[in-house]
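Peer 1: So here's work-v1.txt (compact mmCIF, C-alpha atoms).
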```
# COMPACT_ATOMS: atom_id res chain seq x y z
CA MET I 24 -108.66 125.11 -210.98
CA THR I 25 -107.09 124.94 -207.63
CA VAL I 26 -108.78 123.35 -204.70
CA LEU I 27 -109.38 126.36 -202.61
CA ALA I 28 -108.22 124.88 -199.37
CA LEU I 29 -104.74 124.80 -200.71
CA LYS I 30 -104.30 128.48 -200.97
CA ALA I 31 -102.38 130.10 -198.22
CA PRO I 32 -104.49 131.92 -195.72
CA PRO I 33 -104.21 135.67 -195.86
CA GLN I 34 -101.26 136.94 -193.95
CA GLY I 35 -101.30 139.81 -191.60
CA GLY I 36 -97.62 140.58 -191.32
CA ARG I 37 -97.17 138.22 -188.43
CA THR I 38 -93.54 137.39 -188.94
CA ALA I 39 -92.14 137.61 -185.52
CA MET I 40 -88.53 137.99 -186.35
CA GLY I 41 -88.54 140.98 -188.56
CA ARG I 42 -88.12 139.51 -192.01
CA ASP I 43 -90.97 139.96 -194.35
CA LEU I 44 -91.69 136.42 -195.42
CA ALA I 45 -95.39 137.00 -195.84
CA HIS I 46 -95.00 137.60 -199.55
CA LEU I 47 -93.38 134.28 -200.22
CA SER I 48 -95.36 131.35 -201.54
CA ASP I 49 -95.69 128.30 -199.32
CA GLU I 50 -93.38 126.45 -201.68
CA ALA I 51 -90.72 129.13 -201.48
CA LEU I 52 -90.87 128.87 -197.70
CA VAL I 53 -90.33 125.13 -197.88
CA ALA I 54 -87.32 125.77 -200.11
CA LEU I 55 -85.95 128.05 -197.39
CA VAL I 56 -86.70 125.49 -194.70
CA ALA I 57 -84.66 123.03 -196.75
CA ARG I 58 -81.80 125.42 -196.15
CA ALA I 59 -82.41 125.27 -192.40
CA ASP I 60 -84.12 128.64 -192.25
CA ALA I 61 -86.00 128.62 -188.96
CA GLU I 62 -87.88 131.83 -189.68
CA ALA I 63 -89.37 130.20 -192.76
CA LEU I 64 -90.47 127.28 -190.60
CA ALA I 65 -92.09 129.74 -188.21
CA GLU I 66 -93.92 131.37 -191.09
CA LEU I 67 -95.18 127.99 -192.31
CA TYR I 68 -96.36 127.25 -188.81
CA ASP I 69 -98.16 130.59 -188.69
CA ARG I 70 -99.91 129.72 -191.92
CA PHE I 71 -100.80 126.10 -191.19
CA GLY I 72 -100.38 125.50 -187.47
CA HIS I 73 -103.99 126.38 -186.78
CA VAL I 74 -105.51 124.00 -189.32
CA ALA I 75 -102.91 121.38 -188.49
CA TYR I 76 -103.83 121.45 -184.83
CA GLY I 77 -107.55 121.43 -185.64
CA LEU I 78 -107.05 118.38 -187.82
CA ALA I 79 -104.89 116.53 -185.31
CA LEU I 80 -107.35 117.24 -182.52
CA ARG I 81 -110.26 116.10 -184.65
CA VAL I 82 -108.56 112.78 -185.37
CA ILE I 83 -106.90 112.17 -182.01
CA ARG I 84 -109.36 113.85 -179.65
CA ASP I 85 -106.74 114.49 -177.05
CA PRO I 86 -105.14 117.95 -176.89
CA ALA I 87 -101.76 116.82 -175.57
CA LEU I 88 -101.43 114.04 -178.14
CA ALA I 89 -102.65 116.37 -180.87
CA GLU I 90 -99.91 118.83 -179.95
CA ASP I 91 -97.35 116.06 -180.17
CA ALA I 92 -98.59 115.03 -183.60
CA VAL I 93 -98.41 118.60 -184.88
CA GLN I 94 -94.97 119.04 -183.42
CA GLU I 95 -93.73 115.82 -185.00
CA ALA I 96 -95.21 116.82 -188.34
CA PHE I 97 -93.54 120.23 -188.35
CA LEU I 98 -90.24 118.71 -187.32
CA ALA I 99 -90.67 116.32 -190.23
CA VAL I 100 -91.16 119.37 -192.42
CA TRP I 101 -87.96 120.79 -190.96
CA ARG I 102 -85.98 117.61 -191.55
CA SER I 103 -87.30 116.58 -194.91
CA ALA I 104 -88.04 119.87 -196.66
CA GLY I 105 -85.13 119.09 -198.97
CA ARG I 106 -86.97 116.02 -200.14
CA PHE I 107 -90.25 117.85 -200.61
CA VAL I 108 -89.10 118.89 -204.03
CA ALA I 109 -89.30 115.27 -205.08
CA GLU I 110 -92.96 115.11 -204.18
CA ARG I 111 -95.71 116.03 -206.53
CA ALA I 112 -97.59 118.14 -204.12
CA LYS I 113 -98.20 121.64 -203.01
CA ALA I 114 -96.53 122.59 -199.79
CA SER I 115 -99.85 122.88 -197.97
CA THR I 116 -100.89 119.42 -199.12
CA TRP I 117 -97.56 118.01 -198.07
CA ILE I 118 -97.70 119.56 -194.61
CA LEU I 119 -101.28 118.51 -193.94
CA THR I 120 -100.47 115.03 -195.22
CA LEU I 121 -97.65 114.79 -192.70
CA VAL I 122 -99.94 115.98 -189.92
CA HIS I 123 -102.68 113.57 -190.87
CA ARG I 124 -100.34 110.61 -191.18
CA ARG I 125 -99.02 111.25 -187.68
CA ALA I 126 -102.45 111.82 -186.24
CA VAL I 127 -103.64 108.54 -187.70
CA ASP I 128 -100.60 106.71 -186.39
CA VAL I 129 -101.27 108.09 -182.92
CA VAL I 130 -104.95 107.26 -182.92
CA ARG I 131 -104.25 103.70 -184.01
CA ARG I 132 -101.90 103.33 -181.08
CA GLU I 133 -104.42 104.91 -178.74
CA GLN I 134 -107.31 102.82 -179.99
CA PRO I 135 -109.90 103.45 -177.25
CA ARG I 136 -109.84 107.18 -177.59
CA ARG I 137 -111.22 107.39 -181.03
CA THR I 138 -114.81 106.63 -180.20
CA GLU I 139 -115.06 109.26 -177.53
CA PRO I 140 -116.95 112.28 -178.70
CA LEU I 141 -115.00 115.46 -179.08
CA GLU I 142 -116.35 118.43 -177.25
CA ALA I 143 -117.28 121.12 -179.67
CA ALA I 144 -114.64 123.78 -179.79
CA PRO I 145 -115.81 127.18 -178.77
CA GLN I 146 -116.51 129.19 -181.87
CA PRO I 147 -114.80 132.53 -182.00
CA SER I 148 -117.39 135.13 -181.26
CA GLY I 149 -117.52 138.78 -182.07
CA ASN I 150 -115.13 140.06 -184.66
CA LEU I 151 -113.28 137.31 -186.42
CA THR I 152 -109.68 137.80 -187.25
CA GLU I 153 -108.83 137.53 -190.90
CA ASP I 154 -107.35 134.11 -190.21
CA GLU I 155 -110.47 132.87 -188.43
CA ALA I 156 -112.72 134.22 -191.13
CA TRP I 157 -110.67 132.48 -193.77
CA LEU I 158 -110.74 129.18 -191.92
CA ARG I 159 -114.45 129.47 -191.42
CA LEU I 160 -114.95 130.06 -195.09
CA GLN I 161 -112.91 126.99 -195.97
CA ARG I 162 -114.84 124.97 -193.49
CA THR I 163 -118.19 125.97 -194.91
CA ARG I 164 -117.03 125.12 -198.37
CA VAL I 165 -115.72 121.67 -197.47
CA GLN I 166 -118.84 120.93 -195.45
CA GLU I 167 -120.97 121.87 -198.41
CA ALA I 168 -118.98 119.63 -200.74
CA LEU I 169 -119.20 116.72 -198.29
CA ARG I 170 -122.92 117.26 -197.92
CA ARG I 171 -123.35 116.76 -201.64
CA LEU I 172 -121.65 113.36 -201.65
CA PRO I 173 -123.76 110.20 -201.61
CA ASP I 174 -124.19 109.19 -197.95
CA GLN I 175 -122.21 105.97 -198.16
CA GLN I 176 -119.28 107.63 -199.84
CA ARG I 177 -119.28 110.45 -197.32
CA GLU I 178 -119.42 107.97 -194.47
CA ALA I 179 -116.45 106.00 -195.78
CA ILE I 180 -114.36 109.11 -196.33
CA GLU I 181 -115.21 110.67 -192.99
CA LEU I 182 -114.54 107.52 -191.01
CA ALA I 183 -111.27 107.00 -192.80
CA TYR I 184 -109.99 110.55 -192.70
CA TYR I 185 -111.32 111.83 -189.41
CA GLY I 186 -111.68 108.51 -187.63
CA GLY I 187 -108.35 107.09 -188.65
CA PHE I 188 -109.87 103.72 -189.53
CA THR I 189 -108.15 101.48 -192.04
CA GLN I 190 -110.14 100.22 -194.96
CA SER I 191 -110.29 96.75 -193.39
CA GLU I 192 -111.56 98.18 -190.11
CA LEU I 193 -114.15 100.11 -192.06
CA ALA I 194 -115.29 96.99 -193.85
CA ASP I 195 -115.73 95.25 -190.49
CA ARG I 196 -117.41 98.17 -188.86
CA LEU I 197 -119.84 98.77 -191.72
CA GLY I 198 -120.37 95.09 -192.48
CA GLU I 199 -119.47 95.53 -196.13
CA PRO I 200 -116.99 93.70 -198.35
CA LEU I 201 -113.59 95.35 -198.53
CA GLY I 202 -114.03 95.90 -202.26
CA THR I 203 -117.14 97.95 -201.61
CA ILE I 204 -115.31 100.15 -199.13
CA LYS I 205 -112.47 100.71 -201.58
CA SER I 206 -114.92 101.70 -204.30
CA ARG I 207 -116.75 104.09 -202.02
CA MET I 208 -113.57 105.81 -201.00
CA PHE I 209 -112.35 106.04 -204.56
CA SER I 210 -115.60 107.29 -206.06
CA GLY I 211 -116.22 109.58 -203.12
CA LEU I 212 -112.82 111.18 -203.24
CA ALA I 213 -113.02 111.61 -207.00
CA ARG I 214 -116.42 113.27 -206.66
CA LEU I 215 -115.25 115.42 -203.78
CA ARG I 216 -112.37 116.57 -205.86
CA GLU I 217 -114.77 117.74 -208.56
CA LEU I 218 -117.01 119.45 -206.07
CA LEU I 219 -114.17 121.33 -204.45
CA ALA I 220 -112.93 122.42 -207.82
CA GLU I 221 -116.24 124.04 -208.69
CA PRO I 222 -115.95 127.78 -208.56
CA ASP I 223 -118.46 129.65 -206.49
CA HIS I 224 -119.13 133.25 -205.84
CA GLU I 225 -117.31 133.26 -202.53
CA GLU I 226 -114.23 131.96 -204.18
CA GLU I 227 -113.75 135.17 -206.07
CA ARG I 228 -113.31 137.10 -202.93
CA TRP I 229 -110.29 135.04 -202.04
CA ASN I 230 -109.01 134.62 -205.50
CA GLU I 231 -107.19 137.90 -205.64
CA PRO I 232 -103.69 137.68 -206.98
CA GLU I 233 -101.39 136.93 -204.15
CA PHE I 234 -98.70 139.18 -205.42
CA THR I 235 -99.38 142.52 -206.88
CA SER I 236 -96.82 145.02 -207.87
CA MET W 2 -103.36 91.90 -206.77
CA GLU W 3 -104.73 92.83 -210.15
CA ARG W 4 -103.89 96.19 -211.52
CA THR W 5 -107.29 97.82 -211.30
CA GLY W 6 -107.52 96.69 -207.71
CA ILE W 7 -104.29 98.28 -206.69
CA HIS W 8 -105.05 101.41 -208.66
CA GLU W 9 -108.18 101.82 -206.61
CA LEU W 10 -106.07 101.89 -203.46
CA SER W 11 -104.87 105.38 -204.36
CA ALA W 12 -107.92 106.76 -202.53
CA ALA W 13 -107.36 104.75 -199.37
CA TYR W 14 -103.70 105.68 -199.52
CA ALA W 15 -104.48 109.39 -199.80
CA LEU W 16 -106.86 109.07 -196.84
CA ASP W 17 -104.23 107.17 -194.82
CA ALA W 18 -106.64 104.26 -194.60
CA LEU W 19 -104.13 101.53 -195.37
CA ASP W 20 -102.45 99.46 -192.71
CA PRO W 21 -98.65 99.46 -192.70
CA ASN W 22 -98.35 96.38 -194.92
CA GLU W 23 -100.81 97.65 -197.47
CA ARG W 24 -99.15 101.04 -197.38
CA GLY W 25 -95.74 99.55 -198.10
CA GLU W 26 -97.11 97.44 -200.90
CA PHE W 27 -98.87 100.36 -202.48
CA GLU W 28 -95.80 102.56 -202.21
CA GLU W 29 -93.84 99.95 -204.12
CA HIS W 30 -96.50 100.06 -206.77
CA LEU W 31 -96.46 103.86 -206.76
CA ALA W 32 -92.78 103.89 -207.55
CA GLU W 33 -93.60 102.16 -210.81
CA CYS W 34 -96.98 103.55 -211.75
CA GLU W 35 -97.08 107.07 -213.08
CA GLU W 36 -100.85 106.97 -213.36
CA CYS W 37 -101.28 106.15 -209.69
CA ARG W 38 -98.82 108.87 -208.71
CA ASP W 39 -100.96 111.37 -210.57
CA THR W 40 -104.13 110.05 -208.99
CA VAL W 41 -102.63 110.10 -205.52
CA GLY W 42 -101.39 113.64 -206.08
CA GLY W 43 -104.90 114.85 -206.80
CA PHE W 44 -106.45 112.81 -204.01
CA ARG W 45 -103.92 114.08 -201.50
CA GLU W 46 -104.93 117.59 -202.36
CA THR W 47 -108.57 116.73 -201.84
CA ALA W 48 -107.85 114.93 -198.59
CA ALA W 49 -105.88 117.92 -197.33
CA ALA W 50 -108.91 120.10 -198.02
CA LEU W 51 -110.84 117.90 -195.59
CA ALA W 52 -108.58 119.21 -192.85
CA TYR W 53 -110.46 122.48 -193.05
CA GLU W 54 -113.72 120.86 -192.14
CA SER W 55 -112.54 120.28 -188.60
CA GLU W 56 -113.32 122.38 -185.59
CA MET W 57 -110.67 125.00 -185.35
CA PRO W 58 -109.57 125.70 -181.83
CA ALA W 59 -106.34 127.65 -181.97
CA PRO W 60 -103.28 125.67 -180.94
CA PRO W 61 -101.77 126.65 -177.61
CA ALA W 62 -99.12 129.33 -177.90
CA HIS W 63 -96.40 127.13 -176.44
CA LEU W 64 -96.67 124.71 -179.36
CA ARG W 65 -95.10 127.18 -181.79
CA ARG W 66 -92.28 127.84 -179.35
CA ARG W 67 -91.68 124.12 -178.78
CA ILE W 68 -91.50 123.39 -182.47
CA LEU W 69 -89.09 126.23 -183.20
CA GLU W 70 -86.86 125.40 -180.27
CA ASP W 71 -86.65 121.76 -181.27
CA ALA W 72 -86.02 122.68 -184.87
CA LYS W 73 -83.17 125.01 -183.94
CA ARG W 74 -81.69 122.36 -181.71
CA GLU W 75 -81.69 120.01 -184.67
CA ARG W 76 -80.36 122.55 -187.09
CA SER W 77 -76.89 121.09 -187.12
CA ASN W 78 -78.32 117.82 -188.36
CA ILE W 79 -79.87 119.35 -191.41
CA VAL W 80 -77.99 118.48 -194.51
CA PRO W 81 -78.04 121.39 -196.89
CA LEU W 82 -79.03 120.80 -200.47
CA ARG W 83 -76.24 119.12 -202.29
CA PRO W 84 -74.46 121.29 -204.78
CA ARG W 85 -74.77 120.44 -208.44
CA TRP W 86 -78.16 119.04 -207.85
CA ALA W 87 -80.30 119.58 -210.88
CA LEU W 88 -83.74 118.77 -209.64
CA PRO W 89 -86.15 116.80 -211.78
CA ALA W 90 -89.13 118.56 -213.21
CA ALA W 91 -91.57 117.76 -210.45
CA ALA W 92 -88.92 118.73 -208.00
CA ALA W 93 -88.67 122.16 -209.39
CA VAL W 94 -92.25 123.05 -208.66
CA ALA W 95 -91.45 124.67 -205.36
CA ALA W 96 -88.83 126.88 -206.83
CA VAL W 97 -90.99 127.69 -209.81
CA ALA W 98 -93.74 128.78 -207.49
CA ALA W 99 -91.29 131.11 -205.87
CA CYS W 100 -90.53 132.32 -209.31
CA ALA W 101 -94.14 133.11 -210.05
CA ALA W 102 -94.11 135.49 -207.15
CA ILE W 103 -91.08 137.18 -208.52
CA GLY W 104 -92.49 137.78 -211.93
CA LEU W 105 -95.19 139.92 -210.44
CA GLY W 106 -92.78 142.39 -209.12
CA ILE W 107 -92.66 141.94 -205.41
CA TRP W 108 -88.97 141.52 -205.54
CA ALA W 109 -88.24 144.59 -207.58
CA ALA W 110 -87.39 146.54 -204.48
CA SER W 111 -85.06 143.87 -203.19
CA LEU W 112 -82.64 144.54 -206.01
CA HIS W 113 -81.85 147.77 -204.28
CA ASN W 114 -81.65 146.24 -200.88
CA ARG W 115 -79.65 143.16 -201.45
CA LEU W 116 -77.88 142.94 -198.16
CA GLY W 117 -80.98 143.63 -196.18
CA SER W 118 -83.25 140.93 -197.50
CA ARG W 119 -83.05 137.28 -198.31
CA PRO W 120 -83.59 135.33 -200.30
CA GLU W 121 -84.06 137.51 -203.28
CA ALA W 122 -84.91 136.63 -206.78
CA ILE W 123 -83.27 138.28 -209.71
CA ASP W 124 -84.92 138.20 -213.08
CA LEU W 125 -83.13 136.62 -215.98
CA GLU W 126 -82.57 138.30 -219.28
CA GLY W 127 -82.85 136.00 -222.26
CA ALA W 128 -85.03 133.39 -220.53
CA ARG W 129 -88.14 133.24 -218.40
CA GLY W 130 -86.94 132.56 -214.91
CA SER W 131 -84.98 133.83 -211.99
CA LEU W 132 -81.98 133.38 -209.85
CA ILE W 133 -83.01 132.82 -206.25
CA LEU W 134 -80.28 134.02 -204.01
CA THR W 135 -79.88 133.65 -200.30
CA LYS W 136 -78.08 136.23 -198.22
CA SER W 137 -75.15 133.89 -197.91
CA GLY W 138 -74.79 133.81 -201.70
CA ASP W 139 -76.23 130.38 -202.44
CA GLY W 140 -77.92 130.66 -205.78
CA THR W 141 -80.54 128.55 -207.53
CA LEU W 142 -81.45 129.09 -211.15
CA VAL W 143 -85.13 128.53 -211.71
CA LEU W 144 -86.55 128.31 -215.20
CA ASP W 145 -90.12 127.56 -216.18
CA SER W 146 -88.96 125.73 -219.23
CA LEU W 147 -85.61 125.07 -220.79
CA ALA W 148 -85.11 122.90 -223.85
CA ALA W 149 -82.88 119.90 -223.29
CA ALA W 150 -79.31 120.55 -224.30
CA PRO W 151 -78.54 119.02 -227.72
CA THR W 152 -76.68 115.72 -227.74
CA GLY W 153 -73.05 116.23 -226.85
CA LYS W 154 -73.78 119.62 -225.29
CA THR W 155 -74.47 120.86 -221.79
CA TYR W 156 -75.61 124.02 -220.18
CA GLU W 157 -72.92 125.56 -218.06
CA ALA W 158 -73.54 128.18 -215.40
CA TRP W 159 -71.06 130.95 -214.64
CA VAL W 160 -70.61 133.36 -211.81
CA ILE W 161 -69.07 136.47 -213.31
CA GLU W 162 -67.41 138.83 -210.92
CA ALA W 163 -65.56 141.88 -212.14
CA GLY W 164 -65.70 140.52 -215.67
CA MET W 165 -64.16 137.18 -214.69
CA PRO W 166 -66.38 134.13 -215.30
CA ARG W 167 -66.00 131.18 -212.95
CA ARG W 168 -67.60 127.77 -213.41
CA ALA W 169 -70.79 127.24 -211.44
CA GLY W 170 -71.98 123.86 -212.63
CA LEU W 171 -73.40 121.86 -215.54
CA PHE W 172 -76.98 120.92 -216.18
CA SER W 173 -78.88 119.41 -219.03
CA GLY W 174 -82.22 121.20 -219.28
CA GLY W 175 -85.40 119.59 -220.50
CA GLY W 176 -88.47 121.14 -218.85
CA ARG W 177 -88.62 122.95 -215.57
CA ILE W 178 -85.26 123.57 -214.01
CA ALA W 179 -84.12 124.37 -210.51
CA PHE W 180 -80.37 124.20 -210.57
CA VAL W 181 -78.31 124.87 -207.49
CA LEU W 182 -75.13 126.69 -208.43
CA THR W 183 -71.94 125.04 -207.32
CA ARG W 184 -70.34 128.38 -206.56
CA LYS W 185 -71.37 131.20 -204.29
CA VAL W 186 -72.62 134.35 -205.89
CA PRO W 187 -70.85 137.32 -204.36
CA ASP W 188 -72.56 140.64 -204.08
CA GLY W 189 -72.55 142.43 -207.42
CA ALA W 190 -71.77 139.34 -209.48
CA ILE W 191 -73.72 138.25 -212.53
CA VAL W 192 -74.83 134.70 -213.21
CA ALA W 193 -74.87 133.60 -216.83
CA VAL W 194 -75.46 130.35 -218.70
CA THR W 195 -73.84 129.21 -221.92
CA LEU W 196 -74.16 126.09 -224.05
CA GLU W 197 -70.91 124.13 -224.06
CA ASP W 198 -69.48 120.77 -225.03
CA ALA W 199 -70.75 118.01 -222.78
CA ALA W 200 -67.74 117.86 -220.48
CA GLY W 201 -67.99 121.53 -219.72
CA VAL W 202 -65.27 124.08 -220.28
CA ASP W 203 -63.16 126.29 -218.04
CA ALA W 204 -64.14 129.49 -219.73
CA PRO W 205 -67.26 130.27 -221.73
CA THR W 206 -66.85 129.87 -225.47
CA SER W 207 -69.93 131.77 -226.52
CA LYS W 208 -72.24 134.57 -225.58
CA PRO W 209 -74.54 133.72 -222.68
CA LEU W 210 -77.93 132.32 -223.59
CA PHE W 211 -79.31 134.14 -220.59
CA HIS W 212 -78.02 135.92 -217.53
CA THR W 213 -79.17 137.79 -214.50
CA SER W 214 -79.96 141.42 -214.80
CA ALA W 215 -77.22 143.39 -213.12
CA ALA W 216 -77.54 142.97 -209.40
```
Represent the structure contained in this file as structure tokens.

Peer 2:
Amino acid sequence: MTVLALKAPPQGGRTAMGRDLAHLSDEALVALVARADAEALAELYDRFGHVAYGLALRVIRDPALAEDAVQEAFLAVWRSAGRFVAERAKASTWILTLVHRRAVDVVRREQPRRTEPLEAAPQPSGNLTEDEAWLRLQRTRVQEALRRLPDQQREAIELAYYGGFTQSELADRLGEPLGTIKSRMFSGLARLRELLAEPDHEEERWNEPEFTS
Amino acid sequence: MERTGIHELSAAYALDALDPNERGEFEEHLAECEECRDTVGGFRETAAALAYESEMPAPPAHLRRRILEDAKRERSNIVPLRPRWALPAAAAVAAVAACAAIGLGIWAASLHNRLGSRPEAIDLEGARGSLILTKSGDGTLVLDSLAAAPTGKTYEAWVIEAGMPRRAGLFSGGGRIAFVLTRKVPDGAIVAVTLEDAAGVDAPTSKPLFHTSAA
């Protein structure tokens, strides 16, 4: 059972440079990027740039710094795609891990920013593009899974992942022993993993074979 | 730190909630602990899913341009994959995923349009897998599963052009394989693999175990 967020969003033939890369798996694109194929990098950006930017902005809360973090992450993809093969991860996981790591590094440097509230992004109105609809679906699903976590586990995970706090900072902030924070993160993430793996009826809609002959 | 304690850090690590010292320490542990690598792998996937919970304003259009321009500027610094690099099993996942796409037929048409598309994947006959071929003729053999070569033996790849086999590298098998050929694959050539004595040979001594369908 695949965590649904790791599937590539549906593609609408957006390759700008004429090659039809839309049929390739994310992992195949990374293999091409490892061979310095810029069009493959563009295709990866088209697939994950939106969620990457959303994530970076959520963590950093500053559009210019979020852009920098996304740019650095994609350049890291460009430089180290050849090493990706040594990782035990899907391409999407790898890319979002790079984005998150950079976002967290930035927010720790820019300490004061992280407590400022983020203005809610305008929700797309009217007809959603396929991409927007897909992202919204993912979002609903992750929100639902988070909602089902015990409060303390959810709090620890959200503060760590979205807030960029270290486990020691979390222990201070929440007034709990470090060991408790570690346990909450571990149990929470393990539970979240199960919840995200649960099939639901909406899943089927997006579970069509990616490649049909 | 006791083992259970450090094992538990796989969650904080996946959430990027370790400070640089803790991160370094845990990464040292990861290098030695298969179990933690597995745990982190799963947790990373879960953490990445959290990215989709965020508000989703679209990135500004100039960001894509900036990234691609910078990447192209750096292109000369990119070191291409080393030849004769037989990737370990986990390493082959990317290529195998590419392979999965192939099996379902999307590449069938590309066999007839070799010069116009890249990379292409050519099915193998005699084994489950493909040859992934870039336009410039760099080939990678990708196999879901290949038994390890018997002791004293090696797999040897060949690029056969106009009936003339030329050596294209040795590899040992054992699980998933993504083997980068050491020789370019010219248009119209066939890639074949034989089992040979461990040092490799200059010309194949037996019938191929598997080969590409005629391209």

Peer 1: Place a sphere of radius 8 Å on (-108.8, 124.7, -190.5) in the file coordinates and name every protein, DNA or RNA residue with an atom inside or on its surface, counting all atoms listed in the file; give the answer as a PDB file with C-alpha atoms, keeping the file's coordinate frame.

Peer 2:
```pdb
ATOM      1  CA  HIS I  73    -103.990 126.380-186.780  1.00  0.00           C
ATOM      2  CA  VAL I  74    -105.510 124.000-189.320  1.00  0.00           C
ATOM      3  CA  ALA I  75    -102.910 121.380-188.490  1.00  0.00           C
ATOM      4  CA  GLY I  77    -107.550 121.430-185.640  1.00  0.00           C
ATOM      5  CA  LEU I  78    -107.050 118.380-187.820  1.00  0.00           C
ATOM      6  CA  LEU I 158    -110.740 129.180-191.920  1.00  0.00           C
ATOM      7  CA  ARG I 159    -114.450 129.470-191.420  1.00  0.00           C
ATOM      8  CA  GLN I 161    -112.910 126.990-195.970  1.00  0.00           C
ATOM      9  CA  ARG I 162    -114.840 124.970-193.490  1.00  0.00           C
TER      10      ARG I 162
ATOM     11  CA  ALA W  52    -108.580 119.210-192.850  1.00  0.00           C
ATOM     12  CA  TYR W  53    -110.460 122.480-193.050  1.00  0.00           C
ATOM     13  CA  GLU W  54    -113.720 120.860-192.140  1.00  0.00           C
ATOM     14  CA  SER W  55    -112.540 120.280-188.600  1.00  0.00           C
ATOM     15  CA  GLU W  56    -113.320 122.380-185.590  1.00  0.00           C
ATOM     16  CA  MET W  57    -110.670 125.000-185.350  1.00  0.00           C
TER      17      MET W  57
END
```

Peer 1: In Å to one decimal, how far is CA of Lys113 (chain I) from CA of Arg170 (chain I)?

Peer 2: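 Computing the Euclidean distance for CA of Arg170 (chain I) and CA of Lys113 (chain I) yields 25.6 Å.
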
Peer 1: Around the point (-91.1, 125.3, -184.9), in the coordinates given by the file, pick out the residues reaching within 10 Å, counting all atoms listed in the file, and return them as a PyMOL selection string.

Peer 2: (chain I and resi 61-69+72+93-95+97-98+100-101) or (chain W and resi 64-73)

Peer 1: Counting only C-alpha atoms, which of W:Leu51, W:Ala32, W:Ala149, W:Val192 gets nearest to chain I?

Peer 2: W:Leu51

Peer 1: Which distance in Å separates CA of Ala45 (chain I) and CA of Phe71 (chain I), to one decimal?

Peer 2: 13.0 Å

Peer 1: Which is closer to chain W than all the others in I:Ser115, I:Thr189, I:Thr203, I:Gln176, using all atoms listed in the file?

Peer 2: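 For chain W, the nearest of the given residues is I:Thr189.
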
Peer 1: What does the distance between CA of Glu23 (chain W) and CA of Glu36 (chain W) come to in Å, to one decimal place?

Peer 2: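 We find that CA of Glu23 (chain W) and CA of Glu36 (chain W) lie 18.4 Å from each other.
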
Peer 1: Go through W:Ile7, W:Ala62, W:Leu16, W:Cys37 and flag the residue nearest Tyr76 (chain I), using all atoms listed in the file for the distances.

Peer 2: W:Ala62

Peer 1: From the list W:Val41, W:Ala193, W:Cys34, W:Ala150, which residue is nearest chain I when using only C-alpha atoms?

Peer 2: W:Val41

Peer 1: When you look at Asp20 (chain W) with a cut-off of 9 Å (counting all atoms listed in the file), what residues show up, excluding the ones that are within fewer than 5 positions of it in the same chain? I need them as a VMD selection string.

Peer 2: (chain I and resid 189 to 191) or (chain W and resid 25)

Peer 1: Identify, on the basis of all atoms listed in the file, every residue whose closest approach to Gly138 (chain W) does not exceed 8 Å; exclude the query and any residue fewer than 4 positions from it along the same chain; express the result as a list in words.

Peer 2: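 Answer for this query is Leu134, Lys185, Val186, Pro187 and Asp188 of chain W.
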